[in-house]
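Q: This is the structure I want to talk about, given as C-alpha cells.
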Amino acid sequence: MSYDGVGPRAVMRSVAFLTAGALAVPLLAGCGSDDEGSRPLAGQDIAPAARAQVTDGGTLRWAVDTMPETLNTFQADADASTTRIAQAVLPAMFRLDASGRPQRDADYLDSARVVETEPRQVVVYRLNQQAVWSDGREIGAADFAAQWRALSGKDSAYWTARNAGYDRIEKVERGANDLEVRVTFARPYADWKSLFSPLYPKDVTGTANDFNDGARKKLKVSAGPFAVQKIDTAEKEVVLARSPRWWGHPAKLNEIVLHQVARDKRAAALADGTVDVADIDPADADRITLADGARGSSPFQGPAGGRTAAKALRSWALVHGSDEKAAGRERRALAAGRGTLTTYLRQQDALRGVKVRKSLEPAFTQLALNGAGGPLADERVRHAVAHALDRKELAEIVLKPLGLPATPVGSHLALSGQAAYADSSDALGGQDTAQAKALLADAGWVAGTGKEQDKQKKGEKAAGAQGHEDAGGGDGDGDGTYIVGVNDDIEHNGDGKGRPRDEESAENGARTRQLAQDGAPGAYAPRGTAAPAGTVAGPLAKDGKPLTLRFVLPSGPGSETLRKVADRITAMLEKVGIATDVTKVPDESYFRDHIAAGQYDLALYSWPASAYPATDARPVYAKPVPAADGSLNVQQNYTRVGTDQVDQLFDQALATLDEGRERDLVRKADARIWASAGSIPLYQRPQLVAVRDTLANVGAFGFQTPVYEDMGYLRKGAKGPSGASS
C-alpha cells in the first residue's frame, strides 16, 4: 500500500465507498456557485481511439498491488483489485464520468427515476431487455431483492462491511413487468443512485453462506464484457476472458490479466513484457520519459547513444544512490557488457515502447491532526498548525515537477470537477504565521524550555499570565515528546469546537488577525505575545512540557514523495514554534497500528473522492461517541475530531431529494469540518500510469470508470494521439 497514495484504501473501499465504480471510489464546501467545480483540474490521459482503430484480440497484462482476497466488493477485505474485477465483469446501474458524476449505464439500465415521494420515496428501475447473466437468466428484481436483504444489516449472518443506503429500503419488488424493479424506501435517501453498483446475482447474495464464502475465490455467474476465467495464486494473476454472453459492444481484447507486481519492480516488468499497464511512482515516470525521449537512438552505439548513456548513468546513479567511485566501476562494467548499469540501459532500450500517461487521481492527500488528546485536543493548536502551512507550496512540491496543476484542494468532500465541489477553506483561513503564533500563545504555549518557564514563574509570580514576554527566536530542542495514544479511551467532546466561521467564529478569527497584526500583548494572547513577523519562533512549552508533535510516516520505498512533503511541513511548523518528532514505521503497520489505532499526532494519508459524500463521507467525519465497553467509537474518523452540527448536516443532506439542497447542505458541512481543523486537505494525488504505446483507451482515467470493452491494441497503420503507429 502506498501512503502517498490512498492510505486506507482497502478500508474505505470495503466500508464506505462501494458506490458507482470509480477505481478509487470513495465531496463539498460552504459557498460557491453550482458550476464552480464543473471542470476537473486535469483531464484524462488514456490515448483515446475509436473502436474501428482498435484491433480485435490480444492480451493486456495489468500490474496490480495485490491479489484479491475476495471477489465480493461488499466484504471488509475487498481492495482495489476486487473493484477492478467487479467493474469488468458485473452490472452497475450508475458509473462515474470524467467529471466524477454518476451516469446511467445504458447497457444495464434504460431508465431509473424517483416516481413517488409521498408517503414513501419510490424508485423504479427499467432494465435493458438484453441484460442477462452469463448463465442465460435475465437480470431482474430477484437479484435486487437478494442484494438488499444481504446488505440491509438486518441479518447478522451476512458478513457485510457496510449497509449504507440499503438499510433505508423498505421493500424491493417486481414492477409492471419483468423489466421493472420497484424499490420503496422507509426513509428518504438522496444518494439512491449509489445502490446496486455493482449488482451481484442472487446466487451470490441469496444466502449467508453464499455471500460469505461463495464469491471469495470464484465468480461462476457474471454479466459484463469480461468474465473471471482463472485465479492463479501460484503465478499471482487473475485472468479475465472476453464474455460470449455480453450484449453490448464486444470486448476488443481476448483477455485482461491482472498480475501482482511490486511497485519497485514495475519498470523492469514493463521492460521485459511481463506487464503492459502499471501505476508507477515519479522516479519510474522520469525513467520511462527519459527512455521515450531517446527514441531512435541506442545507448550502446553512436553519438546519440553516448548522450543517452550519460543521461541514463546519472538516472541510474540517482536510483541506486551511487557514489562516483561506484559509478566508475559501472562504466568499466558497461564497457565489458556486464554490470547493473548494463542491465539498466538494456531495460531503457525496451522501455522506449512505453508512454507515461498523467492525470490527477480521484483522491486527495491530507495532513491529519489527532484531536483525541495532547496539544491537538485544543482547537486553537490545530488552527495554529493549519495557519503554519503554505498549502500551495506543498502542492507544488508534488505536482509541479510532473507538469500537473498544483492547486490546493479546497474541500474535504469533493474534488474540482464534481458537482458538489466548492472551496470552503476560508472557513479556516490560509497561511498566516502571526495568527498561528497568537493562537499558540492564547493556548498557553510560550517560548522557552520547561526549565526556563519554571524560572520565569518563580521570578514573575506577581505578574501573572499576562506578564510573560515573548522570548522570540530561541534555539534548541525541547526536552521531551508528547506521544498520542496513551489514553485512547478519552472521548473528544466536539461541542463548542469546530464552530463554523460565521457569527462567533468569524468574529474571533477577525479579532485574532487584527491583534496578531497589532502585536498587542495581553489582548488576544494573554499568556504570551506573538513573535514579530518574519522571525523563526523558538521552542514553545507549557507547564514544563515542550510543544512537540509526533509525526508518523511510512518508511517504504514508495513513500519518498510523502516524506518530502513531511519534511517541508516540519520546517513550516518550526517557524511558529511547533517541534515535531518524526517516526518512520513499516508500511504494513502504518495504517493499522498508527492511524486507525490513534497512535500519532500528525500523519499524512489520502482519501478517495466520492460522488455520494452524504453517504460515504459521514463516517469519516462523524463525531466519535463512547461505545458500550467504554472505548471510543470513531467509525472512520481517525482524527477523532467531530461535531454534532456536522453530523446533523450530513443527516439532512441524506434525507432531501432536492439535489441543489443536498449540495448546499454538504458544502455547509464541509465549511464546519474546515473550522474544526481535524484534517487539512493538501493536494489531489498525481496519477501516473505507464502504458505500452500501442494500446488505446487505457491509462490515467482520472474520475471515470474505465470502459473495459474499448481497451485494446491499435490496428496496423492506425495512429494514436501520440502520433505513434502500430
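Identifiers in this document derive from the order of the C-alpha cells: chains are assigned A, B, ..., residues are numbered from 1 separately in each chain, and ligands are numbered from 1 in order of occurrence.
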Env of Gly136 (chain A): 10 Å cut, atoms = only C-alpha atoms, seq-sep filter 2 positions within chain, self excluded. Answer as a PyMOL selection string.

A: chain A and resi 131-134+138-139+221+223+245

Q: Using only C-alpha atoms, what table do you get, as a Markdown table, when you list each residue of region 86-144 of chain A with an atom no more than 10 Å from region 201-206 of chain A, its nearest pair of atoms, and their distance in Å rounded to one decimal, rows by chain then rising number?

A:
```
| residue | atom | partner | partner_atom | distance |
| --- | --- | --- | --- | --- |
| A:Leu90 | CA | A:Pro201 | CA | 8.9 |
| A:Pro91 | CA | A:Pro201 | CA | 9.4 |
| A:Trp133 | CA | A:Pro201 | CA | 7.6 |
| A:Arg137 | CA | A:Pro201 | CA | 9.7 |
| A:Ile139 | CA | A:Pro201 | CA | 7.8 |
| A:Gly140 | CA | A:Pro201 | CA | 9.2 |
| A:Ala141 | CA | A:Lys202 | CA | 9.7 |
| A:Ala142 | CA | A:Lys202 | CA | 6.7 |
| A:Asp143 | CA | A:Lys202 | CA | 4.7 |
| A:Phe144 | CA | A:Lys202 | CA | 7.9 |
```

Q: Would you save the residues from that selection as a CSV table (one decimal), in the first residue's frame, using N, CA, C and O atoms?

A:
```csv
chain,number,residue,atom,x,y,z
A,90,LEU,N,-19.3,-7.3,-13.7
A,90,LEU,CA,-20.6,-7.2,-13.1
A,90,LEU,C,-21.4,-5.9,-13.5
A,90,LEU,O,-20.8,-4.9,-13.9
A,91,PRO,N,-22.7,-6.0,-13.4
A,91,PRO,CA,-23.5,-4.8,-13.7
A,91,PRO,C,-23.3,-3.7,-12.7
A,91,PRO,O,-23.0,-3.9,-11.5
A,133,TRP,N,-27.5,-12.6,-17.2
A,133,TRP,CA,-26.4,-13.2,-16.5
A,133,TRP,C,-25.7,-14.2,-17.5
A,133,TRP,O,-26.3,-14.6,-18.5
A,137,ARG,N,-29.9,-16.4,-17.6
A,137,ARG,CA,-31.0,-15.8,-16.8
A,137,ARG,C,-31.1,-14.3,-16.9
A,137,ARG,O,-30.1,-13.7,-16.8
A,139,ILE,N,-31.4,-10.5,-15.8
A,139,ILE,CA,-31.2,-9.7,-14.6
A,139,ILE,C,-32.5,-9.1,-14.2
A,139,ILE,O,-33.2,-8.6,-15.0
A,140,GLY,N,-32.9,-9.3,-12.9
A,140,GLY,CA,-34.2,-8.8,-12.6
A,140,GLY,C,-34.4,-8.5,-11.1
A,140,GLY,O,-33.4,-8.4,-10.3
A,141,ALA,N,-35.7,-8.4,-10.7
A,141,ALA,CA,-36.0,-8.0,-9.3
A,141,ALA,C,-35.5,-8.9,-8.3
A,141,ALA,O,-35.1,-8.5,-7.2
A,142,ALA,N,-35.4,-10.2,-8.6
A,142,ALA,CA,-34.9,-11.2,-7.6
A,142,ALA,C,-33.5,-10.9,-7.2
A,142,ALA,O,-33.1,-11.1,-6.0
A,143,ASP,N,-32.7,-10.4,-8.1
A,143,ASP,CA,-31.3,-10.1,-7.8
A,143,ASP,C,-31.2,-8.8,-7.0
A,143,ASP,O,-30.4,-8.8,-6.0
A,144,PHE,N,-32.0,-7.8,-7.3
A,144,PHE,CA,-32.1,-6.6,-6.5
A,144,PHE,C,-32.5,-6.9,-5.1
A,144,PHE,O,-31.9,-6.4,-4.1
```

Q: At a cut-off of 10 Å, using only C-alpha atoms, what residues contact Ala176 (chain A)? Leave out same-chain residues fewer than 5 positions from it and give the result as a PDB file with all heavy atoms, in the first residue's frame.

A:
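Saved file out-v8.pdb follows:
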```pdb
ATOM      1  N   VAL A 124     -38.097   3.542  -9.518  1.00  0.00           N
ATOM      2  CA  VAL A 124     -38.364   2.465 -10.478  1.00  0.00           C
ATOM      3  C   VAL A 124     -37.192   2.367 -11.448  1.00  0.00           C
ATOM      4  O   VAL A 124     -36.821   3.344 -12.100  1.00  0.00           O
ATOM      5  CB  VAL A 124     -39.675   2.712 -11.252  1.00  0.00           C
ATOM      6  CG1 VAL A 124     -39.808   1.707 -12.396  1.00  0.00           C
ATOM      7  CG2 VAL A 124     -40.868   2.597 -10.311  1.00  0.00           C
ATOM      8  N   ARG A 126     -35.859   0.601 -14.823  1.00  0.00           N
ATOM      9  CA  ARG A 126     -36.308  -0.115 -16.021  1.00  0.00           C
ATOM     10  C   ARG A 126     -35.068  -0.677 -16.716  1.00  0.00           C
ATOM     11  O   ARG A 126     -34.213   0.064 -17.190  1.00  0.00           O
ATOM     12  CB  ARG A 126     -37.088   0.794 -16.951  1.00  0.00           C
ATOM     13  CG  ARG A 126     -37.710   0.043 -18.114  1.00  0.00           C
ATOM     14  CD  ARG A 126     -38.754   0.864 -18.854  1.00  0.00           C
ATOM     15  NE  ARG A 126     -39.374   0.092 -19.916  1.00  0.00           N
ATOM     16  CZ  ARG A 126     -40.369  -0.758 -19.751  1.00  0.00           C
ATOM     17  NH1 ARG A 126     -40.860  -0.946 -18.534  1.00  0.00           N
ATOM     18  NH2 ARG A 126     -40.872  -1.431 -20.753  1.00  0.00           N
ATOM     19  N   VAL A 181     -38.053  -2.914 -11.817  1.00  0.00           N
ATOM     20  CA  VAL A 181     -37.782  -3.194 -10.407  1.00  0.00           C
ATOM     21  C   VAL A 181     -38.236  -1.969  -9.618  1.00  0.00           C
ATOM     22  O   VAL A 181     -37.841  -0.834  -9.922  1.00  0.00           O
ATOM     23  CB  VAL A 181     -36.286  -3.460 -10.154  1.00  0.00           C
ATOM     24  CG1 VAL A 181     -36.042  -3.758  -8.673  1.00  0.00           C
ATOM     25  CG2 VAL A 181     -35.775  -4.598 -11.031  1.00  0.00           C
ATOM     26  N   ARG A 182     -39.063  -2.209  -8.621  1.00  0.00           N
ATOM     27  CA  ARG A 182     -39.636  -1.123  -7.828  1.00  0.00           C
ATOM     28  C   ARG A 182     -39.044  -1.180  -6.409  1.00  0.00           C
ATOM     29  O   ARG A 182     -39.192  -2.183  -5.710  1.00  0.00           O
ATOM     30  CB  ARG A 182     -41.159  -1.271  -7.786  1.00  0.00           C
ATOM     31  CG  ARG A 182     -41.901  -0.123  -7.121  1.00  0.00           C
ATOM     32  CD  ARG A 182     -43.412  -0.385  -7.183  1.00  0.00           C
ATOM     33  NE  ARG A 182     -44.159   0.641  -6.476  1.00  0.00           N
ATOM     34  CZ  ARG A 182     -44.621   1.758  -7.040  1.00  0.00           C
ATOM     35  NH1 ARG A 182     -44.405   1.972  -8.339  1.00  0.00           N
ATOM     36  NH2 ARG A 182     -45.294   2.644  -6.323  1.00  0.00           N
TER      37      ARG A 182
END
```

Q: Which is closer to Ala208 (chain A) than all the others in A:Lys220, A:Lys623, A:Arg149, A:His249, using only C-alpha atoms?

A: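 Smallest distance to Ala208 (chain A) is found for A:Arg149.
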
Q: Considering only C-alpha atoms, state which residue in the set A:Ala677, A:Val275, A:Ile256, A:Val666 is at the smallest distance from Asp426 (chain A).

A: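 Among the listed residues, A:Ala677 lies closest to Asp426 (chain A).
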
Q: Pick out the residues sitting within 7 Å of region 81-85 of chain A, and hand them over as an NGL selection string; count only C-alpha atoms, and ignore anything fewer than 6 positions along from it in its own chain.

A: :A and (23 or 64 or 66-68 or 70-71 or 73)

Q: Find the residues around Ala278 (chain A) up to 10 Å (only C-alpha atoms counted), leave out those fewer than 6 positions away in its own chain, and share them as a ChimeraX atom specification.

A: /A:61-65,259,261,263,266-267,269-270,356,688-692,699

Q: With DSSP run on the backbone, what are the strand (DSSP E) residues within region 186-423 of chain A? I'd like them as a ChimeraX atom specification.

A: /A:226-232,237-242,255-260,277-279,354-369

Q: Give the answer as one residue: which of A:Arg592, A:Lys668, A:Lys392, A:Lys218 has the shortest atom-to-atom distance to Val646 (chain A), using only C-alpha atoms?

A: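 Checking each of A:Arg592, A:Lys668, A:Lys392, A:Lys218 against Val646 (chain A), counting only C-alpha atoms, the winner is A:Lys668.
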
Q: Mind pulling up the distance from CA of Pro608 (chain A) to CA of Ala88 (chain A)?

A: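 Straight-line distance from CA of Ala88 (chain A) to CA of Pro608 (chain A) works out to 20.2 Å.
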
Q: Considering only C-alpha atoms, can you say which of A:Thr407, A:Gln147, A:Ser111, A:Gln53 comes closest to Tyr683 (chain A)?

A: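 Nearest candidate to Tyr683 (chain A) out of A:Thr407, A:Gln147, A:Ser111, A:Gln53: A:Thr407.
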